[in-house]
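Student: Mind having a look at this structure? Questions to follow.
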Amino acid sequence: MSFADASTTRTRIEETGLLWSLVILVALLSLLPIGRLVVEGLAPGGQLSTSSLAKVFASPATWTATVNSLVTAIAGTLLAVLIGGVVALVTSLTDIRARNAFTFCFVLPLMIAPQVTALAWLQLFGPSSTLLKLIGMAPGLGSRNPLYSREGIILLLGLQYAPLVFLTLRAGLRALPKELIEAGLAAGASPLTVLRTVVLPLMTPPLVAGIALCFVSCLGNFGIPAFLGIPGNFVVLPTLVYQRLAGLGPGVLSEVAILSLLIGVIAMAGILLQDFMLRRRDFRITTTSSAARPFELGRWRKPVEIALWTFAVLVLALPFLGLLTTSLIPAFGVPLNARTATFGNYAYVLFEHAASKRAFLNSFLMSATAAIVIVLICIPLAYFIVWKKSRLLRLLNVAAELPYAMPGVVLAIAAILLFLKPLPLLGWSLYNTVWIILFAYLARFLVLGLRPIVSGYLQLDRTLEEAAQIAGAGLPRRLVTIIFPLVAPAAVAGALLIFLTAFNELTVSALLWSSGAETLGVVVFSFEQGGDSTYASALAAVTVLVTVGLMLSTLTFAHKLPQGVLPWRD
Amino acid sequence: MARLTIDRAQKRFGTYTALDEVSLAVEDGEFVAVLGASGCGKTTLLRQIAGFDKLDGGSITIGDRLVSSDTQHVPPEHRKIGIVFQSYALWPHMSVAENVAYGLTVAGVRDPERARRVAAALDLVGLSGFADRRPGLLSGGQRQRVALARCLVTEPSLVLLDEPLANLDVHLRASMEEEFSRFHERTGTTMVYITHDQAEAMALADRIAVMDRGRLLQLATPSMLYREPANATVAGFIGDGMVLPATVLSGPDAGRCKVRVLGVEAVVRCRPDQTAGDNAKICLRARDIGIAAANGTGIAAHVERLSYQGGFFRMEARPVANPNMLLHLDVPEPTPAEPGGTITLAISDGWVIPAETVADLAA
């Protein structure tokens, strides 16, 4: 190296510096919190001890919640596989029309916050249902809302995550070489036989991936069991952690750390099972190979289309109609008609209620900041992962997935453990500020930005970068002038995914919020818990509008994106 | 302008040796083509010269500057060379002028100097009116010209061209070939041109480096390469040569010696130090074989196949005495024999492949 001239040395320092900054950053965001949690589980309060462990495992509540978690997660997953699987097969393999519009509608529930889904469905049933009152079908006063139950939770988990199964299976079906189907048909098999003997066996990997993803999501879901389970005293692990922490404060930190580790272990079992059965990752973003020629449904096409759209209306339109009608009445229980209808709830949550106004600002700023910061991290990160084939970053790529694969509760508890005490050297504490939530967002959603950007890089012709290098441009300049403009569509898609997910998020902030640092999810939750369903509905309706609006706006540049980057686009 | 010296360059990918001790010296201002089939290592060589990969052994020097060795690696952005990529690699988000100006901007050249040089470069490739277009709206040939302008605007000392004509149709190729050689004449830049097309290499290059399986087989002028291939592989690859076993009967006399091939005697060209002996190989071209005079002796052969080439036939024939060999020759219209018939052939010229490389290749 002694012959290296000054400019060569500078280039090497720039590149190595950038690489190590990224390594440290990703390690801070992903490995540190999870590591801190594990340390707390082994040595509560800094001392090796099994007393907390014994206490947690001796408590019957732990086991009830574990059983409840497992039952709802497994049953919810089964329902999601049934719905998502059938819909994926029908929309991918047959010649139904308006596929894009249907995909958008079907995937929508995934992008809408679970607590909003729960709230919307609650407004649909029960004695106070504004919608049922409107048509005179509300059950008698005093009767129980049927959704406040284990079955209600299972139903909503299944509906919420059916799109996950749909997406993974559809990606698999797209990668299926069409010759395989054609060969089966040419051999004289009927379409149904081909489906049973060729398509389904080959779809095992994506199906297993979808099941694992769905199981982990159901297990970690907080919004649905919080809205439907807490009133009926049906407790699952995430809500147990929430209740413990909310009731007793940080003093029980070791216990909730162990509980969240328990969730983490169960989730990990699901992920390991998937990894065991499959070698591939990144199922939502796969090949661009041409899809098989659709099976012609013939005279069955219309009935199938009607069935699909009826389903979409039932699970999408009706609950949100329920949400809308509740948001328009002056007080819960008042019937909706031309005389009672009011926008007062909207005015209240948008302009009067201080916490709600703050929450809008907080959620918007934190989601936007998380989206921008993550994209800025991911563009150089993906550069090293895809083009430099750095082994170190390959490992960190897996590490970056960890906080997202883990249920949100796990990360939230880890963040509390990490930031409860003031930061070393600096002396100030992030706990009880918006910054702890922002940190959790950055850690949790990093991989949401990384995946689209990586697939953006994979589509790029690397000679475009090499040409700039030959022209004399160093890495920082190449990143800004050549690479960023070229991966911009994928980066914007990633940023929007992050923004939407963070904007609708409750699981993390429910545990990390403090007065002044509320998020929209937290405020909707508080309104509903305080009995203010009308305000909760109005606020939820606004978030749905923002979400759908942003999703629609992406369709304007969707043609520039690698297929599969935007889940809601066919 | 600069010399390019590659000294025993080595590159391995795992157990596969992509470059096996390749040495090559390109003179200042010379146009050298690196020719070989796909997988021969020519692209690997280009990537080493450009600095995209690191060498495992040997060294590369541009001008007086050591840029690659197993201990030293100057990154591509500091090598001050130019590349025309096979895919053109034009940046789709920039206009033609912005593409061309990029290298100048990076080098700190400001307007009006930059604008003047961009305009001059575009003028040189005949694209003056296209400055504000997006590359996506240009034809293949126009894109190639933009890539050339972009590469030359910074006046690099060395220009690498990676199969620049591979993506163009036949008509455009001829005119771009002309363009490249005009360019080389005008700028006098040292150029290394990677290609698998020998016609292209012969038309353009001062010298051609033939590569095969990671090794440099011969570096010579196009005419030398065609007339005096250094070994059997080059002989077979260039100009569709036939390599035949022969016995050298006499030492050279005025650059020629007597050989026995396919049972007949012939006088062919050879090296001045050629010695008589068995186990020699000679290289014949189609034009070195003709139909023997009606009463003359020659090689009796069965005609196997005739294909019309316009004005003449390409004939394939097997010697009766050596049916495992296939000879080809050009015969004028009308054909002297039909497939299945017998014909007598005579050898009018040829080249004795130097002995040491025969042994080398047999190993």
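In the structure tokens, each chain is lettered A, B, ... as it comes, each chain's residues begin at 1, and ligands are numbered from 1 in order of appearance.
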Counting only C-alpha atoms, which residues from chain B have an atom at most 9 Å from any atom of chain A, and could you show them as a compact mmCIF listing (two decimals) with N, CA and C atoms, in the first residue's frame?
Tutor:
```txt
# COMPACT_ATOMS: atom_id res chain seq x y z
N ALA B 50 -9.36 -1.60 -16.28
CA ALA B 50 -10.19 -0.51 -15.78
C ALA B 50 -10.11 -0.38 -14.26
N PHE B 52 -11.90 -2.46 -12.10
CA PHE B 52 -13.13 -2.89 -11.42
C PHE B 52 -12.87 -4.12 -10.54
N LEU B 66 2.02 2.58 -11.95
CA LEU B 66 1.59 1.23 -11.61
C LEU B 66 0.18 1.33 -11.04
N THR B 71 -0.43 -6.00 -4.58
CA THR B 71 -0.39 -5.19 -3.36
C THR B 71 -0.95 -3.80 -3.58
N GLN B 72 -1.12 -3.41 -4.81
CA GLN B 72 -1.55 -2.03 -5.06
C GLN B 72 -2.75 -2.03 -5.99
N HIS B 73 -3.71 -1.14 -5.70
CA HIS B 73 -4.87 -1.07 -6.58
C HIS B 73 -5.37 0.38 -6.63
N VAL B 74 -5.18 1.00 -7.77
CA VAL B 74 -5.73 2.35 -7.94
C VAL B 74 -7.18 2.18 -8.38
N PRO B 75 -8.15 2.77 -7.65
CA PRO B 75 -9.56 2.59 -8.02
C PRO B 75 -9.84 3.20 -9.41
N PRO B 76 -10.86 2.68 -10.09
CA PRO B 76 -11.14 3.11 -11.47
C PRO B 76 -11.25 4.62 -11.61
N GLU B 77 -11.82 5.27 -10.58
CA GLU B 77 -12.06 6.71 -10.73
C GLU B 77 -10.78 7.53 -10.77
N HIS B 78 -9.65 6.90 -10.41
CA HIS B 78 -8.39 7.65 -10.46
C HIS B 78 -7.47 7.16 -11.56
N ARG B 79 -7.98 6.36 -12.50
CA ARG B 79 -7.09 5.82 -13.53
C ARG B 79 -7.02 6.69 -14.77
N LYS B 80 -7.95 7.65 -14.85
CA LYS B 80 -7.96 8.58 -15.98
C LYS B 80 -8.00 7.86 -17.32
N ILE B 81 -8.91 6.90 -17.42
CA ILE B 81 -9.09 6.23 -18.69
C ILE B 81 -10.53 6.42 -19.13
N GLY B 82 -10.85 5.98 -20.33
CA GLY B 82 -12.22 6.06 -20.80
C GLY B 82 -12.68 4.68 -21.21
N ILE B 83 -13.99 4.43 -21.04
CA ILE B 83 -14.53 3.14 -21.49
C ILE B 83 -15.78 3.38 -22.31
N VAL B 84 -15.91 2.68 -23.42
CA VAL B 84 -17.19 2.62 -24.12
C VAL B 84 -17.76 1.25 -23.84
N PHE B 85 -18.91 1.24 -23.14
CA PHE B 85 -19.48 -0.03 -22.72
C PHE B 85 -20.34 -0.64 -23.80
N SER B 87 -23.19 -1.97 -23.40
CA SER B 87 -24.58 -1.54 -23.23
C SER B 87 -24.68 -0.02 -23.30
N TYR B 88 -23.61 0.65 -23.68
CA TYR B 88 -23.49 2.12 -23.76
C TYR B 88 -23.45 2.77 -22.38
N ALA B 89 -24.29 2.23 -21.44
CA ALA B 89 -24.32 2.76 -20.07
C ALA B 89 -24.53 4.27 -20.05
N LEU B 90 -25.48 4.74 -20.84
CA LEU B 90 -25.82 6.17 -20.76
C LEU B 90 -26.80 6.36 -19.63
N TRP B 91 -26.64 7.44 -18.89
CA TRP B 91 -27.51 7.67 -17.74
C TRP B 91 -28.87 8.19 -18.21
N PRO B 92 -29.91 7.40 -17.97
CA PRO B 92 -31.21 7.74 -18.55
C PRO B 92 -31.82 9.01 -17.96
N HIS B 93 -31.36 9.42 -16.76
CA HIS B 93 -31.97 10.58 -16.14
C HIS B 93 -31.27 11.88 -16.54
N TYR B 102 -20.57 15.04 -17.76
CA TYR B 102 -20.38 14.52 -16.41
C TYR B 102 -18.91 14.44 -15.99
N GLY B 103 -18.10 13.84 -16.86
CA GLY B 103 -16.69 13.68 -16.51
C GLY B 103 -15.99 15.01 -16.30
N LEU B 104 -16.39 16.00 -17.07
CA LEU B 104 -15.78 17.33 -16.93
C LEU B 104 -16.19 17.96 -15.60
N VAL B 106 -17.07 16.41 -12.91
CA VAL B 106 -16.35 15.71 -11.85
C VAL B 106 -14.91 16.24 -11.74
N ALA B 107 -14.32 16.52 -12.89
CA ALA B 107 -12.93 16.98 -12.89
C ALA B 107 -12.82 18.46 -12.50
N ARG B 150 -18.83 10.92 -24.71
CA ARG B 150 -18.69 11.02 -23.27
C ARG B 150 -17.32 10.51 -22.83
N CYS B 151 -16.89 9.46 -23.52
CA CYS B 151 -15.62 8.85 -23.15
C CYS B 151 -14.45 9.73 -23.55
N THR B 154 -13.07 13.97 -21.94
CA THR B 154 -12.08 14.25 -20.90
C THR B 154 -10.66 13.96 -21.38
```
Student: May I have the residues within 8 Å of Leu228 (chain A) as a ChimeraX atom specification, using only C-alpha atoms and disregarding those fewer than 3 positions away in the same chain?
Tutor: /A:118,147-149,152-153,224-225,231-232
Student: Can you list, as a PyMOL selection string, every protein, DNA or RNA residue that comes within 10 Å of Ile112 (chain A) when you count only C-alpha atoms, leaving out same-chain residues fewer than 6 positions away?
Tutor: chain A and resi 160+500-501+503-505+540+543-545+547-548
Student: Env of Leu134 (chain A): 7 Å cut, atoms = only C-alpha atoms, seq-sep filter 4 positions within chain, self excluded. Answer as a list in words.
Tutor: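 The residues that qualify are Thr130, Pro335 and Leu336 of chain A.
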Student: Pick the closest to Phe313 (chain B) from B:Val26, B:Ala337, B:Met325, B:Asn295: which is it, counting only C-alpha atoms?
Tutor: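 Looking at the shortest contact to Phe313 (chain B), the residue is B:Ala337.
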